[in-house]
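Heads up, the thing below is written out as structure tokens.
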Amino acid sequence: MNILILFIIITAIISFVAFNNPGITEKYKFSVGAILHRKEYIRLLSSGFLHADIMHLVFNMMTLYFFGPIVIQTFGNIGFTIIYLGSILLGNFLSLYIYQKQPWYSAVGASGGVSGILFASIAMIPDIGIYIFFIPIPVKGYLFGLLYFGYSVYMMMNPRQHDNIGHAAHLGGAFFGLVYAIVVAPDTAMHNALYLGIMSLPLIYLGYEIFVRKRIG
């Protein structure tokens with residue numbers, strides 16, 4: 001069975017089971033307090049197979065379905081698996097760092113992994129057309145990436161109550177996908193360096209705010 005379809009099926013089954021059994025979500029969702037205080041590290045990975053509702057699940061799995069084949073064709077099944085699971089983990093590690101002083105913070109969803117697959121695809125094909133919601137005109141991948149990163153960084157710097165979007169997980173996952181693609185396929189990455197550089201400007205700014213100015217975390 002195709003590894004992409006296998007991940008979609010596994011995620012869908014686990015999510016549907018959890019929809020009908022909230023105790024599973026409580027036990028395996030990303031939770032800062034549970035991870036830091038009770039050492040429940042499995043949540044860093046297990047939360048990526050849970051979703052808040054059916055629309056959350058469908059949106060993530062549709063994005064994975066459309067962009068997963070690009071990653072599989074370029075990096076193979078093993079590369080796809082490394083990017084997907086690694087992006088979930090790095091996204092959650094970044095969330096853990098950002099929200100370490102907020103033990104109540106919790107989240108579910110495969111968005112970190114999906115972001116990693118999406119941005120590994122963009123790294124290989126920066127001018128790939130991406131449709132945003134129901135807008136009929138596609139946006140070039142690197143411009144989408146610039147907008148995506150810019151919006152996510154802005155929301156992290158200016159958090160809003162009831163936003164309900166794990167921007168840190170998205171950014172951490174996307175970063176993992178980009179870095180993996182650059183390291184494993186350096187020739188293609190160098191060819192697309194200008195596009196990747198433009199797209200990554202918000203990430204550079206975020207790194208400055210986190211690690212130099214210490215404004216986040």
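Simple scheme: letters A, B, ... for chains in structure tokens order, numbers from 1 for residues in each chain, numbers from 1 for ligands in the order shown.
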
Contacts between stretch 167-186 of chain A and stretch 30-126 of chain A, please, where a residue of stretch 30-126 of chain A counts if it comes within 8 Å (with only C-alpha atoms); show its shortest atom pair and distance in Å to one decimal, rows by chain and ascending number, as CSV.
```
residue,atom,partner,partner_atom,distance
A:Ile83,CA,A:Gly177,CA,5.7
A:Tyr84,CA,A:Gly177,CA,8.0
A:Gly86,CA,A:Phe176,CA,6.9
A:Ser87,CA,A:Gly173,CA,3.9
A:Ile88,CA,A:Gly173,CA,5.9
A:Leu89,CA,A:Gly173,CA,7.7
A:Leu90,CA,A:Gly172,CA,5.4
A:Gly91,CA,A:Ala169,CA,3.7
A:Asn92,CA,A:Ala169,CA,5.4
A:Phe93,CA,A:Gly172,CA,7.9
A:Leu94,CA,A:Gly172,CA,5.9
A:Ser95,CA,A:Ala168,CA,5.2
A:Ile98,CA,A:Ala168,CA,7.5
A:Ser111,CA,A:His170,CA,6.0
A:Gly112,CA,A:Gly173,CA,4.3
A:Gly113,CA,A:Gly173,CA,5.7
A:Val114,CA,A:Gly173,CA,7.6
A:Ser115,CA,A:Ala174,CA,4.7
A:Gly116,CA,A:Gly177,CA,4.0
A:Ile117,CA,A:Gly177,CA,6.0
A:Leu118,CA,A:Ala174,CA,7.4
A:Phe119,CA,A:Ala174,CA,5.6
A:Ala120,CA,A:Gly177,CA,4.6
A:Ala123,CA,A:Leu178,CA,6.2
A:Met124,CA,A:Ala181,CA,7.3
```

Long-range neighbours of A:Asn77 as a PyMOL selection string, 9 Å cut-off, only C-alpha atoms, 3 positions minimum in chain: chain A and resi 2-4+71-73+80-82

Store the residues picked out above in a file with N, CA and C atoms, as a PDB file, in the first residue's frame.
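The result, stored in selection-v1.pdb:
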```
ATOM      1  N   ASN A   2       0.480   2.260  -0.756  1.00  0.00           N
ATOM      2  CA  ASN A   2       1.193   3.538  -0.793  1.00  0.00           C
ATOM      3  C   ASN A   2       1.318   4.113   0.612  1.00  0.00           C
ATOM      4  N   ILE A   3       2.540   4.553   0.973  1.00  0.00           N
ATOM      5  CA  ILE A   3       2.790   5.061   2.323  1.00  0.00           C
ATOM      6  C   ILE A   3       1.929   6.276   2.637  1.00  0.00           C
ATOM      7  N   LEU A   4       1.660   7.092   1.622  1.00  0.00           N
ATOM      8  CA  LEU A   4       0.816   8.272   1.816  1.00  0.00           C
ATOM      9  C   LEU A   4      -0.592   7.861   2.229  1.00  0.00           C
ATOM     10  N   VAL A  71       6.706  14.750  -2.685  1.00  0.00           N
ATOM     11  CA  VAL A  71       7.753  14.365  -1.742  1.00  0.00           C
ATOM     12  C   VAL A  71       8.161  12.909  -1.952  1.00  0.00           C
ATOM     13  N   ILE A  72       7.191  12.041  -2.164  1.00  0.00           N
ATOM     14  CA  ILE A  72       7.496  10.625  -2.386  1.00  0.00           C
ATOM     15  C   ILE A  72       8.307  10.444  -3.664  1.00  0.00           C
ATOM     16  N   GLN A  73       7.933  11.148  -4.728  1.00  0.00           N
ATOM     17  CA  GLN A  73       8.657  11.032  -5.985  1.00  0.00           C
ATOM     18  C   GLN A  73      10.092  11.523  -5.842  1.00  0.00           C
ATOM     19  N   PHE A  80       9.659  10.569   2.790  1.00  0.00           N
ATOM     20  CA  PHE A  80       8.327  11.072   3.135  1.00  0.00           C
ATOM     21  C   PHE A  80       8.041  10.846   4.620  1.00  0.00           C
ATOM     22  N   THR A  81       8.329   9.640   5.095  1.00  0.00           N
ATOM     23  CA  THR A  81       8.065   9.303   6.495  1.00  0.00           C
ATOM     24  C   THR A  81       8.898  10.162   7.434  1.00  0.00           C
ATOM     25  N   ILE A  82      10.174  10.345   7.095  1.00  0.00           N
ATOM     26  CA  ILE A  82      11.057  11.170   7.928  1.00  0.00           C
ATOM     27  C   ILE A  82      10.535  12.602   8.002  1.00  0.00           C
TER      28      ILE A  82
END
```

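Using only C-alpha atoms, the contacts of A:Pro202 at a cut-off of 8 Å, with sequence neighbours closer than 6 positions omitted, comprise Leu146, Phe149, Gly150 and Val153 of chain A.
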
Hey, can you spit out that residue selection with N, CA, C and O atoms as an mmCIF file, in the first residue's frame?
```
data_model
loop_
_atom_site.group_PDB
_atom_site.id
_atom_site.type_symbol
_atom_site.label_atom_id
_atom_site.label_comp_id
_atom_site.auth_asym_id
_atom_site.auth_seq_id
_atom_site.Cartn_x
_atom_site.Cartn_y
_atom_site.Cartn_z
ATOM 1 N N LEU A 146 5.803 32.834 1.565
ATOM 2 C CA LEU A 146 6.088 34.136 2.170
ATOM 3 C C LEU A 146 4.886 34.645 2.949
ATOM 4 O O LEU A 146 5.015 35.114 4.088
ATOM 5 N N PHE A 149 4.280 32.235 6.077
ATOM 6 C CA PHE A 149 5.230 32.497 7.150
ATOM 7 C C PHE A 149 4.997 33.874 7.771
ATOM 8 O O PHE A 149 5.059 34.034 8.991
ATOM 9 N N GLY A 150 4.750 34.849 6.927
ATOM 10 C CA GLY A 150 4.523 36.197 7.434
ATOM 11 C C GLY A 150 3.320 36.267 8.360
ATOM 12 O O GLY A 150 3.384 36.864 9.447
ATOM 13 N N VAL A 153 4.059 34.268 11.678
ATOM 14 C CA VAL A 153 4.961 35.009 12.561
ATOM 15 C C VAL A 153 4.231 36.188 13.200
ATOM 16 O O VAL A 153 4.362 36.449 14.396
#
```

DSSP on the backbone: what in chain A comes out alpha helix (DSSP H), as number ranges by chain? A: 3-19, 22-28, 32-38, 43-46, 54-98, 111-124, 141-157, 167-184, 186-191, 193-207

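The interatomic distance for the pair atom CA of A:Leu50 and atom CA of A:Met62 works out to 15.3 Å.
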
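The two atoms in question, atom CA of A:Gly207 and atom CA of A:Met61, are spaced 29.0 Å apart.
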
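Here the DSSP assignment of strand (DSSP E), based on backbone atoms, applies within stretch 37-191 of chain A to Ser106, Ala107, Gly129, Ile130, Val139 and Lys140 of chain A.
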
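One distance worth recording is that between atom CA of A:Ile54 and atom CA of A:Ser152, which is 23.1 Å.
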
Neighbours of A:Arg215 within 12 Å (only C-alpha atoms; same-chain residues fewer than 2 positions away dropped), as a list of chain:residue names? A:Ile98, A:Met156, A:Met157, A:Asn158, A:Tyr205, A:Leu206, A:Gly207, A:Tyr208, A:Glu209, A:Ile210, A:Phe211, A:Val212, A:Arg213, A:Gly217

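Residues in contact with A:Gly141 at 12 Å, where only C-alpha atoms are counted and same-chain residues fewer than 5 positions away are skipped, are listed as Phe67, Leu118, Phe119, Ala120, Ser121, Ile122, Ala123, Met124, Ile125, Pro126, Asp127, Ile128, Gly129, Ile130, Tyr131, Ile132, Leu146, Leu147, Tyr148, Phe149, Asn192, Tyr195, Leu196, Ile198 and Met199 of chain A.
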
Excluding stretch 14-18 of chain A and any residue of its chain fewer than 3 positions from it, enumerate the residues within 8 Å of it, using only C-alpha atoms, and give them as an MDAnalysis selection string. chainID A and resid 10:11 21:25 49:51 57

Write the residues of the selection above to a file with all heavy atoms, as a short mmCIF file (atom, residue, chain, number, x, y, z; two decimals), in the first residue's frame.
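In the end it all went to out-v3.cif:
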```
data_model
loop_
_atom_site.label_atom_id
_atom_site.label_comp_id
_atom_site.auth_asym_id
_atom_site.auth_seq_id
_atom_site.Cartn_x
_atom_site.Cartn_y
_atom_site.Cartn_z
N ILE A 10 -4.50 5.64 8.72
CA ILE A 10 -4.19 5.52 10.15
C ILE A 10 -4.67 6.77 10.90
O ILE A 10 -5.30 6.67 11.96
CB ILE A 10 -2.69 5.31 10.38
CG1 ILE A 10 -2.27 3.93 9.86
CG2 ILE A 10 -2.33 5.46 11.85
CD1 ILE A 10 -0.78 3.69 9.88
N THR A 11 -4.37 7.94 10.34
CA THR A 11 -4.77 9.19 10.99
C THR A 11 -6.29 9.31 11.06
O THR A 11 -6.84 9.74 12.09
CB THR A 11 -4.18 10.40 10.23
OG1 THR A 11 -2.76 10.26 10.16
CG2 THR A 11 -4.53 11.71 10.94
N ASN A 21 -14.58 9.13 21.58
CA ASN A 21 -14.04 8.82 22.90
C ASN A 21 -13.09 9.94 23.32
O ASN A 21 -11.87 9.85 23.14
CB ASN A 21 -13.29 7.49 22.86
CG ASN A 21 -12.87 7.01 24.24
OD1 ASN A 21 -12.88 7.77 25.21
ND2 ASN A 21 -12.50 5.73 24.35
N PRO A 22 -13.64 11.02 23.88
CA PRO A 22 -12.83 12.19 24.24
C PRO A 22 -11.68 11.87 25.18
O PRO A 22 -10.68 12.60 25.23
CB PRO A 22 -13.84 13.13 24.92
CG PRO A 22 -15.18 12.71 24.36
CD PRO A 22 -15.07 11.22 24.17
N GLY A 23 -11.79 10.76 25.91
CA GLY A 23 -10.72 10.38 26.82
C GLY A 23 -9.42 10.10 26.09
O GLY A 23 -8.33 10.34 26.63
N ILE A 24 -9.52 9.60 24.85
CA ILE A 24 -8.32 9.33 24.05
C ILE A 24 -7.63 10.64 23.69
O ILE A 24 -6.40 10.76 23.79
CB ILE A 24 -8.69 8.55 22.77
CG1 ILE A 24 -9.18 7.16 23.14
CG2 ILE A 24 -7.50 8.47 21.82
CD1 ILE A 24 -9.65 6.34 21.96
N THR A 25 -8.42 11.62 23.30
CA THR A 25 -7.85 12.93 22.99
C THR A 25 -7.16 13.52 24.21
O THR A 25 -6.05 14.04 24.11
CB THR A 25 -8.94 13.90 22.48
OG1 THR A 25 -9.51 13.37 21.28
CG2 THR A 25 -8.35 15.27 22.20
N PHE A 49 -1.83 12.62 15.30
CA PHE A 49 -2.79 11.68 14.72
C PHE A 49 -4.20 11.93 15.25
O PHE A 49 -5.11 11.13 15.02
CB PHE A 49 -2.36 10.24 15.00
CG PHE A 49 -1.10 9.85 14.30
CD1 PHE A 49 0.14 10.11 14.86
CD2 PHE A 49 -1.14 9.27 13.04
CE1 PHE A 49 1.31 9.77 14.21
CE2 PHE A 49 0.02 8.93 12.37
CZ PHE A 49 1.25 9.18 12.95
N LEU A 50 -4.38 13.04 15.97
CA LEU A 50 -5.68 13.43 16.50
C LEU A 50 -6.12 14.74 15.87
O LEU A 50 -5.28 15.54 15.45
CB LEU A 50 -5.60 13.61 18.02
CG LEU A 50 -5.19 12.39 18.84
CD1 LEU A 50 -4.85 12.80 20.26
CD2 LEU A 50 -6.31 11.34 18.83
N HIS A 51 -7.43 14.98 15.81
CA HIS A 51 -7.94 16.23 15.24
C HIS A 51 -9.13 16.74 16.04
O HIS A 51 -9.81 15.98 16.72
CB HIS A 51 -8.32 16.02 13.77
CG HIS A 51 -7.12 15.89 12.89
ND1 HIS A 51 -6.43 14.72 12.75
CD2 HIS A 51 -6.46 16.82 12.12
CE1 HIS A 51 -5.40 14.91 11.94
NE2 HIS A 51 -5.40 16.16 11.54
N LEU A 57 -9.68 17.46 10.19
CA LEU A 57 -9.10 16.24 9.65
C LEU A 57 -9.09 16.26 8.12
O LEU A 57 -8.06 15.98 7.49
CB LEU A 57 -9.89 15.03 10.15
CG LEU A 57 -9.55 13.68 9.51
CD1 LEU A 57 -8.13 13.26 9.86
CD2 LEU A 57 -10.55 12.61 9.97
#
```

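Distances here use only C-alpha atoms; by that measure, the residue among A:Ile42, A:Ala12, A:Ser106, A:Val58 closest to A:Glu26 is A:Ser106.
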
Quick one: everything within 10 Å of stretch 31-40 of chain A, counting only C-alpha atoms, minus sequence neighbours fewer than 2 positions away in the same chain. Send it as a VMD selection string. chain A and resid 26 to 29 42 to 44 47 92 95 to 108

Go ahead and save the residues from that selection, with N, CA and C atoms, as a PDB file, in the first residue's frame.
```pdb
ATOM      1  N   GLU A  26      -7.806  13.432  25.359  1.00  0.00           N
ATOM      2  CA  GLU A  26      -7.221  13.974  26.577  1.00  0.00           C
ATOM      3  C   GLU A  26      -5.907  13.281  26.937  1.00  0.00           C
ATOM      4  N   LYS A  27      -5.835  12.005  26.670  1.00  0.00           N
ATOM      5  CA  LYS A  27      -4.661  11.222  27.052  1.00  0.00           C
ATOM      6  C   LYS A  27      -3.479  11.430  26.109  1.00  0.00           C
ATOM      7  N   TYR A  28      -3.770  11.723  24.827  1.00  0.00           N
ATOM      8  CA  TYR A  28      -2.695  11.739  23.835  1.00  0.00           C
ATOM      9  C   TYR A  28      -2.506  13.077  23.115  1.00  0.00           C
ATOM     10  N   LYS A  29      -3.285  14.097  23.442  1.00  0.00           N
ATOM     11  CA  LYS A  29      -3.093  15.396  22.794  1.00  0.00           C
ATOM     12  C   LYS A  29      -1.803  16.057  23.280  1.00  0.00           C
ATOM     13  N   ILE A  42       5.207  10.889  24.704  1.00  0.00           N
ATOM     14  CA  ILE A  42       4.492  10.295  23.572  1.00  0.00           C
ATOM     15  C   ILE A  42       3.551  11.308  22.924  1.00  0.00           C
ATOM     16  N   ARG A  43       3.092  12.281  23.707  1.00  0.00           N
ATOM     17  CA  ARG A  43       2.167  13.291  23.201  1.00  0.00           C
ATOM     18  C   ARG A  43       2.790  14.139  22.090  1.00  0.00           C
ATOM     19  N   LEU A  44       4.112  14.261  22.072  1.00  0.00           N
ATOM     20  CA  LEU A  44       4.787  15.030  21.027  1.00  0.00           C
ATOM     21  C   LEU A  44       4.526  14.435  19.651  1.00  0.00           C
ATOM     22  N   SER A  47      -0.168  13.403  19.259  1.00  0.00           N
ATOM     23  CA  SER A  47      -1.103  14.503  18.978  1.00  0.00           C
ATOM     24  C   SER A  47      -1.257  14.748  17.482  1.00  0.00           C
ATOM     25  N   ASN A  92       5.982  20.354  17.402  1.00  0.00           N
ATOM     26  CA  ASN A  92       5.563  20.266  18.801  1.00  0.00           C
ATOM     27  C   ASN A  92       6.681  20.677  19.759  1.00  0.00           C
ATOM     28  N   SER A  95       6.550  24.367  19.798  1.00  0.00           N
ATOM     29  CA  SER A  95       5.398  24.777  20.618  1.00  0.00           C
ATOM     30  C   SER A  95       5.714  24.630  22.094  1.00  0.00           C
ATOM     31  N   LEU A  96       6.398  23.537  22.449  1.00  0.00           N
ATOM     32  CA  LEU A  96       6.755  23.308  23.846  1.00  0.00           C
ATOM     33  C   LEU A  96       7.688  24.401  24.349  1.00  0.00           C
ATOM     34  N   TYR A  97       8.624  24.808  23.507  1.00  0.00           N
ATOM     35  CA  TYR A  97       9.557  25.876  23.889  1.00  0.00           C
ATOM     36  C   TYR A  97       8.824  27.212  24.026  1.00  0.00           C
ATOM     37  N   ILE A  98       7.975  27.504  23.050  1.00  0.00           N
ATOM     38  CA  ILE A  98       7.268  28.788  23.042  1.00  0.00           C
ATOM     39  C   ILE A  98       6.309  28.906  24.225  1.00  0.00           C
ATOM     40  N   TYR A  99       5.610  27.805  24.540  1.00  0.00           N
ATOM     41  CA  TYR A  99       4.555  27.861  25.557  1.00  0.00           C
ATOM     42  C   TYR A  99       4.947  27.159  26.859  1.00  0.00           C
ATOM     43  N   GLN A 100       6.230  27.023  27.116  1.00  0.00           N
ATOM     44  CA  GLN A 100       6.688  26.296  28.299  1.00  0.00           C
ATOM     45  C   GLN A 100       6.196  26.913  29.605  1.00  0.00           C
ATOM     46  N   LYS A 101       5.886  28.192  29.604  1.00  0.00           N
ATOM     47  CA  LYS A 101       5.401  28.857  30.813  1.00  0.00           C
ATOM     48  C   LYS A 101       3.880  28.909  30.866  1.00  0.00           C
ATOM     49  N   GLN A 102       3.235  28.202  29.927  1.00  0.00           N
ATOM     50  CA  GLN A 102       1.777  28.156  29.887  1.00  0.00           C
ATOM     51  C   GLN A 102       1.334  26.689  29.930  1.00  0.00           C
ATOM     52  N   PRO A 103       1.346  26.073  31.109  1.00  0.00           N
ATOM     53  CA  PRO A 103       1.066  24.630  31.218  1.00  0.00           C
ATOM     54  C   PRO A 103      -0.322  24.230  30.744  1.00  0.00           C
ATOM     55  N   TRP A 104      -1.221  25.182  30.620  1.00  0.00           N
ATOM     56  CA  TRP A 104      -2.581  24.880  30.167  1.00  0.00           C
ATOM     57  C   TRP A 104      -2.659  24.709  28.646  1.00  0.00           C
ATOM     58  N   TYR A 105      -1.611  25.108  27.910  1.00  0.00           N
ATOM     59  CA  TYR A 105      -1.671  25.096  26.439  1.00  0.00           C
ATOM     60  C   TYR A 105      -1.730  23.658  25.927  1.00  0.00           C
ATOM     61  N   SER A 106      -2.649  23.408  25.012  1.00  0.00           N
ATOM     62  CA  SER A 106      -2.782  22.079  24.411  1.00  0.00           C
ATOM     63  C   SER A 106      -3.185  22.223  22.947  1.00  0.00           C
ATOM     64  N   ALA A 107      -2.972  21.154  22.183  1.00  0.00           N
ATOM     65  CA  ALA A 107      -3.287  21.202  20.755  1.00  0.00           C
ATOM     66  C   ALA A 107      -3.357  19.790  20.189  1.00  0.00           C
ATOM     67  N   VAL A 108      -4.055  19.655  19.073  1.00  0.00           N
ATOM     68  CA  VAL A 108      -4.087  18.399  18.317  1.00  0.00           C
ATOM     69  C   VAL A 108      -3.995  18.735  16.838  1.00  0.00           C
TER      70      VAL A 108
END
```

Go through A:Phe30, A:Ile204, A:Arg160, A:Gly109 one by one, measure the shortest atom-to-atom distance of each to A:Met55 using only C-alpha atoms, and give the residue with the smallest value. A:Gly109
